[in-house]
file start.cif (mmCIF, C-alpha atoms and all ligand atoms)
data_entry
#
loop_
_atom_site.label_atom_id
_atom_site.label_comp_id
_atom_site.auth_asym_id
_atom_site.auth_seq_id
_atom_site.Cartn_x
_atom_site.Cartn_y
_atom_site.Cartn_z
CA MET G 1209 -92.90 90.76 -58.97
CA ILE G 1210 -96.53 89.68 -59.30
CA LEU G 1211 -99.37 92.20 -58.99
CA ILE G 1212 -102.23 90.53 -57.17
CA THR G 1213 -105.53 92.38 -57.32
CA GLY G 1214 -107.89 91.34 -54.54
CA GLY G 1215 -104.86 89.94 -52.72
CA ALA G 1216 -106.42 90.49 -49.30
CA GLY G 1217 -109.44 88.30 -50.10
CA PHE G 1218 -110.08 84.63 -49.40
CA ILE G 1219 -108.23 83.14 -52.37
CA GLY G 1220 -105.86 86.10 -52.85
CA SER G 1221 -104.47 85.92 -49.30
CA HIS G 1222 -103.61 82.23 -49.76
CA MET G 1223 -102.17 83.09 -53.16
CA CYS G 1224 -99.73 85.50 -51.49
CA VAL G 1225 -98.39 82.66 -49.34
CA ALA G 1226 -98.08 80.31 -52.33
CA LEU G 1227 -96.27 83.02 -54.31
CA ALA G 1228 -93.79 83.59 -51.47
CA GLU G 1229 -93.23 79.84 -51.17
CA ALA G 1230 -92.50 79.69 -54.91
CA GLY G 1231 -89.94 82.51 -54.53
CA HIS G 1232 -92.01 85.31 -56.06
CA ARG G 1233 -92.33 88.82 -54.68
CA PHE G 1234 -95.84 90.26 -54.82
CA LEU G 1235 -97.74 93.54 -54.60
CA ILE G 1236 -101.31 93.45 -53.27
CA LEU G 1237 -103.89 95.88 -54.69
CA ASP G 1238 -107.13 95.76 -52.71
CA ASN G 1239 -109.84 98.21 -51.69
CA PHE G 1240 -110.77 96.05 -48.65
CA SER G 1241 -114.45 96.11 -49.65
CA ASN G 1242 -114.69 92.41 -48.80
CA SER G 1243 -111.65 91.77 -46.64
CA ALA G 1244 -110.16 92.82 -43.33
CA ARG G 1245 -107.08 95.07 -43.19
CA ASP G 1246 -105.48 92.86 -40.55
CA VAL G 1247 -105.15 90.02 -43.07
CA VAL G 1248 -102.07 91.82 -44.38
CA GLY G 1249 -100.26 91.32 -41.07
CA ARG G 1250 -101.28 87.68 -40.98
CA ILE G 1251 -99.92 87.15 -44.52
CA GLY G 1252 -96.72 88.90 -43.41
CA ALA G 1253 -96.35 86.59 -40.43
CA LEU G 1254 -96.58 83.55 -42.73
CA VAL G 1255 -94.22 84.82 -45.43
CA GLY G 1256 -91.68 86.37 -43.06
CA ARG G 1257 -91.87 89.96 -44.25
CA ALA G 1258 -94.41 92.79 -44.48
CA PRO G 1259 -96.23 92.53 -47.83
CA LEU G 1260 -96.28 95.46 -50.23
CA VAL G 1261 -99.87 96.75 -50.26
CA ALA G 1262 -101.62 99.47 -52.26
CA GLU G 1263 -105.08 100.33 -50.98
CA GLY G 1264 -107.30 101.33 -53.87
CA ASP G 1265 -109.73 100.31 -56.56
CA VAL G 1266 -108.64 98.20 -59.50
CA ARG G 1267 -110.78 100.46 -61.70
CA ASP G 1268 -108.49 103.42 -60.86
CA GLU G 1269 -106.28 103.49 -63.97
CA ALA G 1270 -104.09 106.34 -62.70
CA LEU G 1271 -103.30 104.26 -59.62
CA LEU G 1272 -102.57 101.20 -61.79
CA ASP G 1273 -100.25 103.26 -64.03
CA ARG G 1274 -98.39 104.54 -60.99
CA LEU G 1275 -98.02 101.08 -59.43
CA LEU G 1276 -96.81 99.59 -62.71
CA ALA G 1277 -94.31 102.43 -63.15
CA GLU G 1278 -92.97 102.09 -59.60
CA HIS G 1279 -92.68 98.31 -59.34
CA PRO G 1280 -91.04 95.73 -61.63
CA VAL G 1281 -94.27 93.80 -62.28
CA GLU G 1282 -93.87 90.81 -64.64
CA ALA G 1283 -97.41 89.41 -64.38
CA ALA G 1284 -100.76 90.02 -62.70
CA ILE G 1285 -103.30 87.75 -61.05
CA HIS G 1286 -106.75 89.29 -61.11
CA PHE G 1287 -108.95 88.27 -58.18
CA ALA G 1288 -110.60 91.62 -57.37
CA GLY G 1289 -114.32 91.76 -57.98
CA LEU G 1290 -117.75 90.98 -56.63
CA LYS G 1291 -118.74 87.32 -56.33
CA ALA G 1292 -122.15 86.80 -54.70
CA VAL G 1293 -124.56 85.19 -57.17
CA GLY G 1294 -127.81 86.24 -55.42
CA GLU G 1295 -126.61 89.81 -55.00
CA SER G 1296 -125.71 89.93 -58.71
CA VAL G 1297 -129.31 89.04 -59.59
CA ARG G 1298 -130.59 91.88 -57.39
CA GLU G 1299 -127.93 94.42 -58.44
CA PRO G 1300 -126.87 93.49 -61.99
CA LEU G 1301 -125.54 96.91 -62.98
CA ARG G 1302 -123.22 97.02 -59.98
CA TYR G 1303 -121.81 93.63 -60.96
CA TYR G 1304 -121.36 94.47 -64.64
CA ARG G 1305 -119.81 97.80 -63.71
CA GLU G 1306 -117.40 96.61 -61.08
CA ASN G 1307 -116.31 93.32 -62.60
CA ILE G 1308 -116.12 94.36 -66.24
CA ASP G 1309 -114.63 97.80 -65.58
CA GLY G 1310 -112.07 96.28 -63.20
CA ALA G 1311 -110.87 93.80 -65.81
CA LEU G 1312 -110.84 96.42 -68.59
CA ALA G 1313 -108.87 98.89 -66.48
CA LEU G 1314 -106.33 96.28 -65.46
CA VAL G 1315 -105.77 94.90 -68.96
CA ALA G 1316 -105.45 98.41 -70.41
CA ALA G 1317 -102.93 99.48 -67.75
CA LEU G 1318 -100.92 96.26 -68.10
CA GLY G 1319 -100.80 96.79 -71.86
CA ARG G 1320 -99.59 100.38 -71.45
CA ALA G 1321 -96.87 99.19 -69.10
CA GLY G 1322 -95.78 96.40 -71.46
CA VAL G 1323 -96.83 93.65 -69.02
CA ARG G 1324 -98.63 91.01 -71.05
CA ARG G 1325 -98.95 88.10 -68.67
CA LEU G 1326 -102.22 87.70 -66.76
CA VAL G 1327 -104.04 85.04 -64.73
CA PHE G 1328 -107.79 85.60 -64.46
CA SER G 1329 -110.09 84.10 -61.79
CA SER G 1330 -112.93 82.53 -63.71
CA SER G 1331 -115.45 80.07 -62.38
CA ALA G 1332 -117.19 76.79 -63.10
CA THR G 1333 -120.35 78.89 -63.18
CA VAL G 1334 -119.53 79.68 -66.85
CA TYR G 1335 -120.58 76.14 -67.87
CA ALA G 1336 -124.14 75.70 -69.10
CA PRO G 1337 -126.19 73.57 -66.70
CA THR G 1338 -125.99 69.93 -67.77
CA PRO G 1339 -126.38 66.53 -66.14
CA ALA G 1340 -123.30 65.31 -68.09
CA MET G 1341 -120.40 65.15 -65.64
CA PRO G 1342 -117.48 65.69 -65.39
CA LEU G 1343 -117.06 69.03 -67.13
CA ASP G 1344 -114.02 69.54 -69.29
CA GLU G 1345 -112.97 72.88 -70.78
CA THR G 1346 -114.84 72.19 -74.04
CA ALA G 1347 -118.24 71.83 -72.33
CA PRO G 1348 -120.88 74.31 -73.55
CA LEU G 1349 -120.77 77.74 -71.91
CA ARG G 1350 -123.72 79.78 -70.65
CA ALA G 1351 -124.17 81.81 -67.53
CA THR G 1352 -127.37 81.70 -65.50
CA ASN G 1353 -126.87 84.93 -63.53
CA PRO G 1354 -125.16 88.34 -63.94
CA TYR G 1355 -122.10 87.28 -61.91
CA GLY G 1356 -121.55 84.35 -64.25
CA TRP G 1357 -122.06 86.57 -67.30
CA THR G 1358 -119.33 88.94 -66.09
CA LYS G 1359 -116.93 85.98 -65.97
CA LEU G 1360 -117.91 84.85 -69.48
CA MET G 1361 -117.71 88.38 -70.88
CA ILE G 1362 -114.27 88.93 -69.36
CA GLU G 1363 -113.06 85.60 -70.78
CA GLN G 1364 -114.32 86.72 -74.21
CA MET G 1365 -112.64 90.12 -73.85
CA LEU G 1366 -109.35 88.42 -72.96
CA HIS G 1367 -109.57 86.22 -76.08
CA ASP G 1368 -110.12 89.32 -78.22
CA VAL G 1369 -107.18 91.15 -76.60
CA ALA G 1370 -104.86 88.17 -77.12
CA ARG G 1371 -105.98 87.91 -80.74
CA SER G 1372 -105.19 91.60 -81.30
CA ASP G 1373 -101.69 91.32 -79.84
CA PRO G 1374 -99.91 87.95 -79.84
CA ALA G 1375 -97.51 89.11 -77.12
CA TRP G 1376 -100.19 88.43 -74.49
CA SER G 1377 -100.19 85.20 -72.49
CA ILE G 1378 -103.32 84.78 -70.42
CA ALA G 1379 -104.72 82.00 -68.24
CA CYS G 1380 -108.44 81.76 -67.50
CA LEU G 1381 -108.72 79.48 -64.48
CA ARG G 1382 -112.19 78.10 -63.85
CA TYR G 1383 -112.43 77.33 -60.17
CA PHE G 1384 -114.84 74.72 -58.89
CA ASN G 1385 -115.68 75.09 -55.14
CA PRO G 1386 -112.76 76.55 -53.19
CA VAL G 1387 -112.91 75.71 -49.46
CA GLY G 1388 -110.52 75.11 -46.57
CA ALA G 1389 -107.93 77.46 -45.16
CA HIS G 1390 -104.19 77.82 -44.72
CA GLU G 1391 -102.95 74.92 -42.59
CA SER G 1392 -101.71 77.36 -39.91
CA GLY G 1393 -105.34 78.30 -39.32
CA THR G 1394 -104.42 82.01 -39.55
CA LEU G 1395 -105.93 82.69 -43.00
CA GLY G 1396 -109.33 81.63 -44.28
CA GLU G 1397 -112.67 82.70 -45.63
CA GLU G 1398 -114.35 85.62 -43.87
CA PRO G 1399 -117.88 85.92 -45.25
CA GLN G 1400 -119.77 88.97 -44.10
CA GLY G 1401 -123.21 88.22 -42.65
CA VAL G 1402 -124.97 84.95 -43.40
CA PRO G 1403 -122.72 82.75 -45.58
CA ASN G 1404 -124.18 81.93 -49.02
CA ASN G 1405 -121.92 78.94 -49.50
CA LEU G 1406 -122.02 75.57 -47.84
CA ALA G 1407 -118.57 75.20 -46.26
CA PRO G 1408 -118.52 78.45 -44.23
CA TYR G 1409 -122.13 77.83 -43.16
CA VAL G 1410 -121.28 74.34 -41.90
CA ALA G 1411 -118.26 75.75 -40.02
CA GLN G 1412 -120.48 78.30 -38.27
CA VAL G 1413 -123.03 75.63 -37.30
CA ALA G 1414 -120.23 73.42 -35.88
CA ALA G 1415 -118.98 76.45 -33.91
CA GLY G 1416 -122.46 77.03 -32.48
CA GLN G 1417 -122.87 80.42 -34.19
CA ARG G 1418 -125.85 79.16 -36.18
CA PRO G 1419 -128.31 76.57 -34.93
CA ARG G 1420 -128.83 74.31 -37.94
CA LEU G 1421 -127.83 73.87 -41.56
CA GLN G 1422 -130.50 73.91 -44.22
CA VAL G 1423 -129.69 71.26 -46.81
CA PHE G 1424 -131.11 72.54 -50.09
CA GLY G 1425 -132.73 69.48 -51.65
CA GLY G 1426 -132.71 65.80 -50.70
CA ASP G 1427 -134.23 64.53 -53.95
CA TYR G 1428 -131.46 65.02 -56.50
CA PRO G 1429 -130.49 61.98 -58.59
CA THR G 1430 -127.28 61.58 -56.55
CA PRO G 1431 -126.25 58.71 -54.21
CA ASP G 1432 -127.73 60.34 -51.07
CA GLY G 1433 -130.12 62.76 -52.81
CA THR G 1434 -128.14 65.91 -51.85
CA GLY G 1435 -126.15 68.16 -54.19
CA VAL G 1436 -122.69 67.01 -55.28
CA ARG G 1437 -119.81 69.46 -55.84
CA ASP G 1438 -116.08 69.43 -56.49
CA TYR G 1439 -114.61 71.04 -53.36
CA ILE G 1440 -110.99 72.07 -53.76
CA HIS G 1441 -108.60 73.13 -51.00
CA VAL G 1442 -107.72 76.81 -51.39
CA MET G 1443 -103.97 76.07 -51.14
CA ASP G 1444 -104.24 73.51 -53.97
CA LEU G 1445 -106.06 76.20 -55.94
CA ALA G 1446 -103.31 78.74 -55.22
CA GLU G 1447 -100.65 76.23 -56.28
CA GLY G 1448 -102.56 75.79 -59.55
CA HIS G 1449 -101.98 79.49 -60.21
CA ILE G 1450 -98.24 79.06 -59.68
CA ALA G 1451 -98.26 76.29 -62.28
CA ALA G 1452 -100.27 78.52 -64.65
CA LEU G 1453 -97.85 81.43 -64.21
CA ARG G 1454 -94.96 79.11 -65.05
CA HIS G 1455 -96.77 77.89 -68.18
CA LEU G 1456 -97.52 81.42 -69.36
CA ALA G 1457 -93.82 82.30 -69.36
CA GLY G 1458 -93.36 80.17 -72.50
CA HIS G 1459 -96.80 80.16 -74.11
CA ALA G 1460 -98.63 83.03 -75.80
CA GLY G 1461 -102.40 83.20 -76.24
CA VAL G 1462 -105.28 82.34 -73.90
CA HIS G 1463 -105.11 79.09 -71.93
CA THR G 1464 -108.17 77.84 -70.09
CA PHE G 1465 -108.02 75.33 -67.27
CA ASN G 1466 -110.44 73.80 -64.81
CA LEU G 1467 -109.09 73.88 -61.28
CA GLY G 1468 -110.90 71.12 -59.42
CA THR G 1469 -110.15 67.72 -57.94
CA GLY G 1470 -112.29 65.59 -60.26
CA ARG G 1471 -114.08 64.16 -57.22
CA GLY G 1472 -117.66 64.86 -56.20
CA THR G 1473 -118.73 65.25 -52.56
CA SER G 1474 -122.34 65.47 -51.44
CA VAL G 1475 -123.68 67.97 -48.90
CA LEU G 1476 -124.12 65.17 -46.36
CA ASP G 1477 -120.60 63.82 -47.03
CA LEU G 1478 -119.23 67.29 -46.31
CA VAL G 1479 -121.32 67.57 -43.13
CA ARG G 1480 -119.98 64.22 -41.88
CA SER G 1481 -116.38 65.15 -42.69
CA PHE G 1482 -116.77 68.43 -40.85
CA GLU G 1483 -118.26 66.68 -37.83
CA ALA G 1484 -115.28 64.31 -37.79
CA ALA G 1485 -112.75 67.15 -38.17
CA SER G 1486 -114.31 69.36 -35.51
CA GLY G 1487 -115.66 66.78 -33.09
CA ARG G 1488 -118.86 68.86 -33.07
CA PRO G 1489 -122.34 67.98 -34.31
CA VAL G 1490 -123.73 69.75 -37.39
CA PRO G 1491 -127.52 69.44 -37.07
CA TYR G 1492 -129.41 69.91 -40.32
CA ASP G 1493 -132.84 69.90 -41.95
CA ILE G 1494 -133.50 68.90 -45.52
CA VAL G 1495 -135.48 71.70 -47.17
CA PRO G 1496 -136.59 72.32 -50.78
CA ARG G 1497 -133.99 72.82 -53.51
CA ARG G 1498 -132.38 76.26 -53.91
CA GLU G 1499 -133.47 77.95 -57.13
CA GLY G 1500 -130.85 77.77 -59.85
CA ASP G 1501 -128.89 74.88 -58.28
CA VAL G 1502 -127.81 71.85 -60.26
CA GLY G 1503 -127.67 68.37 -58.73
CA GLU G 1504 -124.07 67.64 -59.63
CA CYS G 1505 -121.07 69.70 -60.72
CA TRP G 1506 -117.54 68.39 -60.84
CA ALA G 1507 -114.47 68.92 -62.95
CA ASP G 1508 -112.46 66.93 -65.37
CA PRO G 1509 -109.07 68.35 -64.29
CA ALA G 1510 -107.04 66.33 -66.83
CA ARG G 1511 -105.99 69.34 -68.88
CA ALA G 1512 -104.40 71.10 -65.88
CA ARG G 1513 -102.67 67.82 -64.98
CA ASP G 1514 -101.37 67.14 -68.48
CA VAL G 1515 -100.42 70.69 -69.51
CA LEU G 1516 -99.55 72.37 -66.20
CA GLY G 1517 -98.36 69.30 -64.32
CA TRP G 1518 -100.68 70.29 -61.47
CA THR G 1519 -103.14 68.16 -59.50
CA ALA G 1520 -104.98 68.87 -56.27
CA ARG G 1521 -103.32 66.96 -53.41
CA ARG G 1522 -105.50 67.70 -50.39
CA GLY G 1523 -108.65 65.74 -49.61
CA ILE G 1524 -111.95 66.59 -47.94
CA ALA G 1525 -110.69 65.61 -44.45
CA GLN G 1526 -107.87 68.17 -44.68
CA MET G 1527 -110.17 70.83 -46.14
CA CYS G 1528 -112.47 70.42 -43.12
CA ALA G 1529 -109.64 70.22 -40.57
CA ASP G 1530 -107.99 73.40 -41.88
CA ALA G 1531 -111.34 75.24 -42.14
CA TRP G 1532 -112.11 74.27 -38.55
CA ARG G 1533 -108.68 75.46 -37.33
CA TRP G 1534 -109.38 78.78 -39.06
CA GLN G 1535 -112.92 78.96 -37.63
CA GLN G 1536 -111.48 78.68 -34.12
CA HIS G 1537 -108.64 81.13 -34.77
CA ARG G 1538 -111.03 83.65 -36.31
CA ALA G 1539 -113.04 83.72 -33.09
CA THR G 1540 -109.92 85.07 -31.32
CA LEU G 1541 -109.35 87.95 -33.78
CA PRO G 1542 -110.63 91.46 -33.13
CA SER G 1543 -113.87 91.97 -35.12
P1 LIG E 1601 -113.09 87.75 -51.94
O1 LIG E 1601 -114.26 88.64 -51.96
O2 LIG E 1601 -112.69 87.10 -50.65
O3 LIG E 1601 -111.81 88.52 -52.50
C1 LIG E 1601 -111.89 89.56 -53.44
C2 LIG E 1601 -111.02 90.69 -52.96
O4 LIG E 1601 -111.08 91.74 -53.92
C3 LIG E 1601 -111.45 91.27 -51.62
O5 LIG E 1601 -110.33 91.42 -50.78
C4 LIG E 1601 -112.05 92.63 -51.99
O6 LIG E 1601 -111.86 93.57 -50.96
C5 LIG E 1601 -111.29 92.97 -53.25
N1 LIG E 1601 -112.01 93.83 -54.18
C6 LIG E 1601 -113.29 93.72 -54.60
N2 LIG E 1601 -113.56 94.69 -55.51
C7 LIG E 1601 -112.43 95.41 -55.65
C8 LIG E 1601 -112.08 96.52 -56.46
N3 LIG E 1601 -112.97 97.10 -57.28
N4 LIG E 1601 -110.83 97.02 -56.36
C9 LIG E 1601 -109.91 96.45 -55.53
N5 LIG E 1601 -110.19 95.39 -54.75
C10 LIG E 1601 -111.42 94.87 -54.83
O7 LIG E 1601 -113.32 86.64 -53.07
P2 LIG E 1601 -112.55 85.28 -53.34
O8 LIG E 1601 -113.41 84.16 -52.89
O9 LIG E 1601 -111.16 85.37 -52.86
O10 LIG E 1601 -112.58 85.27 -54.93
C11 LIG E 1601 -111.54 85.81 -55.69
C12 LIG E 1601 -111.89 85.73 -57.17
O11 LIG E 1601 -112.16 84.38 -57.51
C13 LIG E 1601 -113.15 86.52 -57.56
O12 LIG E 1601 -112.92 87.11 -58.83
C14 LIG E 1601 -114.22 85.46 -57.64
O13 LIG E 1601 -115.23 85.82 -58.54
C15 LIG E 1601 -113.42 84.27 -58.15
N6 LIG E 1601 -114.03 82.99 -57.78
C16 LIG E 1601 -114.27 82.70 -56.47
C17 LIG E 1601 -114.90 81.51 -56.12
C18 LIG E 1601 -115.20 81.19 -54.69
O14 LIG E 1601 -116.00 80.30 -54.45
N7 LIG E 1601 -114.60 81.83 -53.71
C19 LIG E 1601 -115.26 80.60 -57.13
C20 LIG E 1601 -114.99 80.91 -58.46
C21 LIG E 1601 -114.36 82.12 -58.78
C1 LIG E 1602 -121.56 78.63 -55.69
C2 LIG E 1602 -121.96 79.73 -56.62
C3 LIG E 1602 -121.25 79.56 -57.94
C4 LIG E 1602 -119.75 79.48 -57.75
C5 LIG E 1602 -119.46 78.33 -56.80
C6 LIG E 1602 -117.98 78.23 -56.55
C7 LIG E 1602 -124.21 80.24 -55.83
C8 LIG E 1602 -125.67 80.13 -56.12
N1 LIG E 1602 -123.40 79.68 -56.76
O1 LIG E 1602 -122.07 77.44 -56.24
O2 LIG E 1602 -121.52 80.63 -58.80
O3 LIG E 1602 -119.08 79.26 -58.97
O4 LIG E 1602 -120.15 78.56 -55.58
O5 LIG E 1602 -117.64 78.41 -55.25
O6 LIG E 1602 -123.77 80.84 -54.85
N2 LIG E 1602 -126.02 74.14 -49.85
C9 LIG E 1602 -126.87 73.76 -48.85
N3 LIG E 1602 -127.08 74.62 -47.81
C10 LIG E 1602 -126.48 75.86 -47.75
C11 LIG E 1602 -125.60 76.23 -48.79
C12 LIG E 1602 -125.40 75.35 -49.84
O7 LIG E 1602 -127.43 72.66 -48.87
O8 LIG E 1602 -126.73 76.61 -46.78
C13 LIG E 1602 -125.75 73.18 -50.95
C14 LIG E 1602 -126.09 73.68 -52.34
O9 LIG E 1602 -127.41 73.39 -52.67
C15 LIG E 1602 -125.07 72.90 -53.19
C16 LIG E 1602 -123.85 72.76 -52.26
O10 LIG E 1602 -124.35 72.94 -50.93
O11 LIG E 1602 -125.56 71.60 -53.46
C17 LIG E 1602 -122.76 73.78 -52.50
O12 LIG E 1602 -123.34 75.10 -52.48
P1 LIG E 1602 -122.45 76.41 -52.56
O13 LIG E 1602 -121.35 76.33 -51.56
O14 LIG E 1602 -123.36 77.58 -52.49
O15 LIG E 1602 -121.75 76.32 -53.98
P2 LIG E 1602 -122.41 76.16 -55.46
O16 LIG E 1602 -123.86 76.06 -55.41
O17 LIG E 1602 -121.68 75.05 -56.14
#
call {"tool": "encode", "arguments": {"input": "start.cif", "output": "structure tokens", "more": "lines below"}}
Ligand code: NAD
Ligand code: UD1
result
Amino acid sequence: MILITGGAGFIGSHMCVALAEAGHRFLILDNFSNSARDVVGRIGALVGRAPLVAEGDVRDEALLDRLLAEHPVEAAIHFAGLKAVGESVREPLRYYRENIDGALALVAALGRAGVRRLVFSSSATVYAPTPAMPLDETAPLRATNPYGWTKLMIEQMLHDVARSDPAWSIACLRYFNPVGAHESGTLGEEPQGVPNNLAPYVAQVAAGQRPRLQVFGGDYPTPDGTGVRDYIHVMDLAEGHIAALRHLAGHAGVHTFNLGTGRGTSVLDLVRSFEAASGRPVPYDIVPRREGDVGECWADPARARDVLGWTARRGIAQMCADAWRWQQHRATLPS
């Protein structure tokens, strides 16, 4: 059984489906601070049985000890945490506290229970800003905001833990830009309030919930002047975790992988793909650059391909089609 912290969230909920498809049982631990309780029923409908769920905080070590004593957990995937960059700049202590304490509590409890296999959700935000693309795992590291620092600090902590006890096998997966939704359209991203990220914002403009997209910067040194990112379908991302779990079964130490497609897509490319997928216009204005943004960011995913045997299979058209199916389904759910 796999313990999946933050399993009710955007990536975690898709992970549950990928785990079930790969024949794994799973136990969700989530405090529902950034997810809806009804997602559990929607996961259950996709996997054909009610998921095991513990409602609580990953920082609650007594709860973790109890769960690990009661269930035959072989490995954990750690998604739970706070992830909004701007909020982390305004509330750094909350981010350091929640993200670092969560990881420390989980690793300590896993160690006590003799479970030494862990997959950690890291991020491409750990790479120092650079115009040199693509980024491979050896690119220089430096965070530019407290959220990013929590990811780097947790990666460092995991290296130190694995060095202290060679029985640990740990994967740090650096995600590029996860987008899309389950192809059924019944799971997807549910940002609260105004979305910070491009894909959910575009979906809401296409749906008529917001009037226009603001494109942050039209003067980057990119083919159309707008920012270029490596968008990856959330189900491809989840399948990358399955490949990482398989790898960890035979390999001790810390293993770091980029999870991206290796392809860059500009803001305007994504807008056009979403218009095609939805059949709706996405009106936009080009406005000044967003502070802290880089022009281009995309992965060299060769290591994950060569070592894990994993590559992303779904393209931008499918990411937009699935996100649009979810956008429409979401409008039918009770709020
Ligand atoms: P999300 O907010 O949708 O999911 C996180 C889940 O964890 C939510 O269900 C939330 O309720 C839960 N949670 C938060 N704090 C908790 C706590 N203290 N105890 C128990 N549960 C808690 O986020 P997501 O997009 O699914 O991201 C998952 C992980 O991947 C995060 O660690 C995030 O930093 C990382 N990541 C995400 C992205 C992205 O663009 N979505 C990119 C890179 C890395
Ligand atoms: C964001 C996070 C980053 C995280 C990454 C992975 C921020 C500041 N950074 O980065 O830490 O690792 O997601 O998911 O949140 N854009 C617009 N208009 C919008 C929103 C975005 O033009 O309303 C542009 C941005 O300038 C950028 C692109 O769209 O060029 C993607 O933006 P976004 O979805 O926020 O992702 P990142 O900036 O890559």
call {"tool": "residues_near_ligand", "arguments": {"input": "start.cif", "ligand": "ligand LIG 1602 (chain E)", "cutoff": "9 Å", "atoms": "only C-alpha atoms and all ligand atoms", "output": "VMD selection string"}}
result
chain G and resid 1291 to 1294 1330 to 1334 1352 to 1353 1355 to 1356 1382 to 1387 1403 to 1410 1421 to 1426 1434 to 1439 1474 to 1476 1478 1494 to 1495 1497 to 1505
call {"tool": "residues_near_ligand", "arguments": {"input": "start.cif", "ligand": "ligand LIG 1601 (chain E)", "cutoff": "8 Å", "atoms": "all atoms listed in the file", "output": "PDB file with C-alpha atoms, in the frame of the given file"}}
result
ATOM      1  CA  THR G1213    -105.530  92.380 -57.320  1.00  0.00           C
ATOM      2  CA  GLY G1214    -107.890  91.340 -54.540  1.00  0.00           C
ATOM      3  CA  GLY G1215    -104.860  89.940 -52.720  1.00  0.00           C
ATOM      4  CA  ALA G1216    -106.420  90.490 -49.300  1.00  0.00           C
ATOM      5  CA  GLY G1217    -109.440  88.300 -50.100  1.00  0.00           C
ATOM      6  CA  PHE G1218    -110.080  84.630 -49.400  1.00  0.00           C
ATOM      7  CA  ILE G1219    -108.230  83.140 -52.370  1.00  0.00           C
ATOM      8  CA  GLY G1220    -105.860  86.100 -52.850  1.00  0.00           C
ATOM      9  CA  SER G1221    -104.470  85.920 -49.300  1.00  0.00           C
ATOM     10  CA  LEU G1237    -103.890  95.880 -54.690  1.00  0.00           C
ATOM     11  CA  ASP G1238    -107.130  95.760 -52.710  1.00  0.00           C
ATOM     12  CA  ASN G1239    -109.840  98.210 -51.690  1.00  0.00           C
ATOM     13  CA  PHE G1240    -110.770  96.050 -48.650  1.00  0.00           C
ATOM     14  CA  SER G1241    -114.450  96.110 -49.650  1.00  0.00           C
ATOM     15  CA  ASN G1242    -114.690  92.410 -48.800  1.00  0.00           C
ATOM     16  CA  SER G1243    -111.650  91.770 -46.640  1.00  0.00           C
ATOM     17  CA  ALA G1244    -110.160  92.820 -43.330  1.00  0.00           C
ATOM     18  CA  GLU G1263    -105.080 100.330 -50.980  1.00  0.00           C
ATOM     19  CA  GLY G1264    -107.300 101.330 -53.870  1.00  0.00           C
ATOM     20  CA  ASP G1265    -109.730 100.310 -56.560  1.00  0.00           C
ATOM     21  CA  VAL G1266    -108.640  98.200 -59.500  1.00  0.00           C
ATOM     22  CA  ARG G1267    -110.780 100.460 -61.700  1.00  0.00           C
ATOM     23  CA  HIS G1286    -106.750  89.290 -61.110  1.00  0.00           C
ATOM     24  CA  PHE G1287    -108.950  88.270 -58.180  1.00  0.00           C
ATOM     25  CA  ALA G1288    -110.600  91.620 -57.370  1.00  0.00           C
ATOM     26  CA  GLY G1289    -114.320  91.760 -57.980  1.00  0.00           C
ATOM     27  CA  LEU G1290    -117.750  90.980 -56.630  1.00  0.00           C
ATOM     28  CA  LYS G1291    -118.740  87.320 -56.330  1.00  0.00           C
ATOM     29  CA  ALA G1292    -122.150  86.800 -54.700  1.00  0.00           C
ATOM     30  CA  GLU G1306    -117.400  96.610 -61.080  1.00  0.00           C
ATOM     31  CA  ASN G1307    -116.310  93.320 -62.600  1.00  0.00           C
ATOM     32  CA  GLY G1310    -112.070  96.280 -63.200  1.00  0.00           C
ATOM     33  CA  PHE G1328    -107.790  85.600 -64.460  1.00  0.00           C
ATOM     34  CA  SER G1329    -110.090  84.100 -61.790  1.00  0.00           C
ATOM     35  CA  SER G1330    -112.930  82.530 -63.710  1.00  0.00           C
ATOM     36  CA  SER G1331    -115.450  80.070 -62.380  1.00  0.00           C
ATOM     37  CA  ALA G1332    -117.190  76.790 -63.100  1.00  0.00           C
ATOM     38  CA  THR G1333    -120.350  78.890 -63.180  1.00  0.00           C
ATOM     39  CA  TYR G1355    -122.100  87.280 -61.910  1.00  0.00           C
ATOM     40  CA  LYS G1359    -116.930  85.980 -65.970  1.00  0.00           C
ATOM     41  CA  ARG G1382    -112.190  78.100 -63.850  1.00  0.00           C
ATOM     42  CA  TYR G1383    -112.430  77.330 -60.170  1.00  0.00           C
ATOM     43  CA  PHE G1384    -114.840  74.720 -58.890  1.00  0.00           C
ATOM     44  CA  ASN G1385    -115.680  75.090 -55.140  1.00  0.00           C
ATOM     45  CA  PRO G1386    -112.760  76.550 -53.190  1.00  0.00           C
ATOM     46  CA  VAL G1387    -112.910  75.710 -49.460  1.00  0.00           C
ATOM     47  CA  GLU G1397    -112.670  82.700 -45.630  1.00  0.00           C
ATOM     48  CA  GLU G1398    -114.350  85.620 -43.870  1.00  0.00           C
ATOM     49  CA  PRO G1399    -117.880  85.920 -45.250  1.00  0.00           C
ATOM     50  CA  ASN G1405    -121.920  78.940 -49.500  1.00  0.00           C
TER      51      ASN G1405
END
call {"tool": "residues_near_point", "arguments": {"input": "start.cif", "point": "(-91.1, 82.5, -54.7)", "cutoff": "12 Å", "atoms": "all atoms listed in the file", "output": "number ranges by chain"}}
result
G: 1209-1210, 1223-1234, 1255, 1447, 1450, 1453-1454
call {"tool": "closest_residue", "arguments": {"input": "start.cif", "among": "G:Trp1357, G:Ala1507, G:Leu1271, G:His1279", "to": "Pro1300 (chain G)", "atoms": "all atoms listed in the file"}}
result
G:Trp1357
call {"tool": "residues_around", "arguments": {"input": "start.cif", "residues": "Leu1318 (chain G)", "least_positions_apart": "4", "cutoff": "10 Å", "atoms": "all atoms listed in the file", "output": "list in words"}}
result
Glu1269, Leu1272, Asp1273, Leu1276, Val1281, Glu1282, Ala1283, Ala1284, Leu1312, Ala1313, Leu1314, Gly1322, Val1323, Arg1324, Arg1325 and Leu1326 of chain G
